[in-house]
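Written out below as structure tokens is the structure these notes cover.
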Amino acid sequence: DLSGNELGAETGKAMAEMLKVNSSLATIALDGRSLSIRQLTGAEPIAKLELSKMGLGDASGLVIAHLIAGNTSLASLSLSRNKLGDPTGAALTAALKANTSLASLSLGDNELGADSGRAAIEMLKVNSTLTTIALDGR
């Protein structure tokens, strides 16, 4: 549990890289909330994951983005009302270029900016699975 340490995007990137080689961790907590690595990767298949209003920042967001890239069971992911910024927006849209199962993504009421919007537009040009994306403020 690394909560309470004001971890940012660089920590998230480092954690995501570490998770590429570490297969023994079951959960990770970077922003005060435990995230199930097995659910995010699809090793423990679930169709819907609700992570809204959890106070998640970019450290958690980058880890989530990295882990869902190859998940083939997750159909709906809600990350609304967190503290996710452009580093997470860019990482999520990059992950979704390859993801073939996610149909619904909610990112409303975060700290996403124009860079995330541009990245989402580029992702939507190649992702034919995503049918609903919410980027609104509420």
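Each chain of the structure tokens is named A, B, ... in the order shown, its residues numbered from 1; ligands are numbered from 1 in display order.
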
Item to check | range 93-110 of chain A surroundings by only C-alpha atoms, 6 Å radius, close-in-sequence under 2 positions cut, as a PyMOL selection string | outcome: chain A and resi 65+69-70+72+74-84+90-91+112+120+123+127+129-138

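When CA of Ile64 in chain A is paired with CA of Ala26 in chain A, their separation reads 13.5 Å.
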
Item to check | DSSP strand (DSSP E) residues within chain A, listed as a PyMOL selection string | outcome: chain A and resi 27-29+34-36+48-50+76-78+104-106+132-134

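Counting only C-alpha atoms, Ile68 in chain A has the following residues at most 6 Å away, ignoring those fewer than 3 positions along the same chain: A:Leu40, A:Thr41, A:Ala65, A:Asn71.
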
Output N, CA, C and O atoms for every residue in the selection just made, as a JSON list (two decimals), in the first residue's frame.
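Final output, saved to result31.json:
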[["chain", "number", "residue", "atom", "x", "y", "z"],
["A", 40, "LEU", "N", -8.36, -6.55, -13.40],
["A", 40, "LEU", "CA", -7.95, -5.61, -14.45],
["A", 40, "LEU", "C", -7.30, -6.31, -15.63],
["A", 40, "LEU", "O", -7.49, -5.90, -16.77],
["A", 41, "THR", "N", -6.56, -7.38, -15.39],
["A", 41, "THR", "CA", -5.92, -8.10, -16.49],
["A", 41, "THR", "C", -6.85, -9.09, -17.17],
["A", 41, "THR", "O", -6.58, -9.52, -18.28],
["A", 65, "ALA", "N", -4.66, 1.51, -17.00],
["A", 65, "ALA", "CA", -4.54, 1.51, -18.47],
["A", 65, "ALA", "C", -3.65, 0.38, -18.94],
["A", 65, "ALA", "O", -3.98, -0.34, -19.89],
["A", 71, "ASN", "N", -7.10, -7.26, -21.61],
["A", 71, "ASN", "CA", -8.26, -7.87, -20.97],
["A", 71, "ASN", "C", -9.35, -8.14, -22.02],
["A", 71, "ASN", "O", -9.82, -7.21, -22.67]]

Item to check | All alpha helix (DSSP H) residues (DSSP, backbone) inside range 29-132 of chain A, as a PyMOL selection string | outcome: chain A and resi 37-41+58-68+86-98+114-126

File of the preceding selection, C-alpha atoms, as a compact mmCIF listing (two decimals), in the first residue's frame:
# COMPACT_ATOMS: atom_id res chain seq x y z
CA ILE A 37 -4.74 -6.85 -10.63
CA ARG A 38 -6.45 -10.12 -11.59
CA GLN A 39 -9.71 -8.34 -12.47
CA LEU A 40 -7.95 -5.61 -14.45
CA THR A 41 -5.92 -8.10 -16.49
CA ASP A 58 -2.65 9.34 -12.46
CA ALA A 59 -0.51 6.74 -10.65
CA SER A 60 -3.51 4.42 -10.42
CA GLY A 61 -4.83 5.48 -13.82
CA LEU A 62 -1.62 4.52 -15.60
CA VAL A 63 -1.56 1.12 -13.90
CA ILE A 64 -5.22 0.55 -14.85
CA ALA A 65 -4.54 1.51 -18.47
CA HIS A 66 -1.59 -0.85 -18.67
CA LEU A 67 -3.49 -3.77 -17.16
CA ILE A 68 -6.70 -3.51 -19.22
CA ASP A 86 -3.92 13.77 -19.32
CA PRO A 87 -1.25 11.14 -18.58
CA THR A 88 -4.05 8.68 -17.78
CA GLY A 89 -6.15 9.84 -20.71
CA ALA A 90 -3.28 9.20 -23.12
CA ALA A 91 -2.47 5.81 -21.59
CA LEU A 92 -6.10 4.65 -21.61
CA THR A 93 -6.63 5.63 -25.21
CA ALA A 94 -3.39 3.88 -26.22
CA ALA A 95 -4.53 0.73 -24.37
CA LEU A 96 -7.92 0.85 -26.07
CA LYS A 97 -6.36 0.86 -29.52
CA ALA A 98 -5.58 -2.81 -28.87
CA ALA A 114 -7.43 18.75 -24.64
CA ASP A 115 -4.59 16.22 -25.02
CA SER A 116 -6.88 13.46 -23.75
CA GLY A 117 -9.61 14.55 -26.13
CA ARG A 118 -7.26 14.44 -29.11
CA ALA A 119 -5.96 11.02 -28.05
CA ALA A 120 -9.55 9.74 -27.72
CA ILE A 121 -10.36 10.91 -31.25
CA GLU A 122 -7.33 9.04 -32.63
CA MET A 123 -8.23 5.90 -30.65
CA LEU A 124 -11.81 5.94 -31.96
CA LYS A 125 -10.47 5.86 -35.52
CA VAL A 126 -9.10 2.34 -34.93

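The gap separating CA of Arg33 in chain A from CA of Leu56 in chain A is 7.7 Å, in Å to one decimal.
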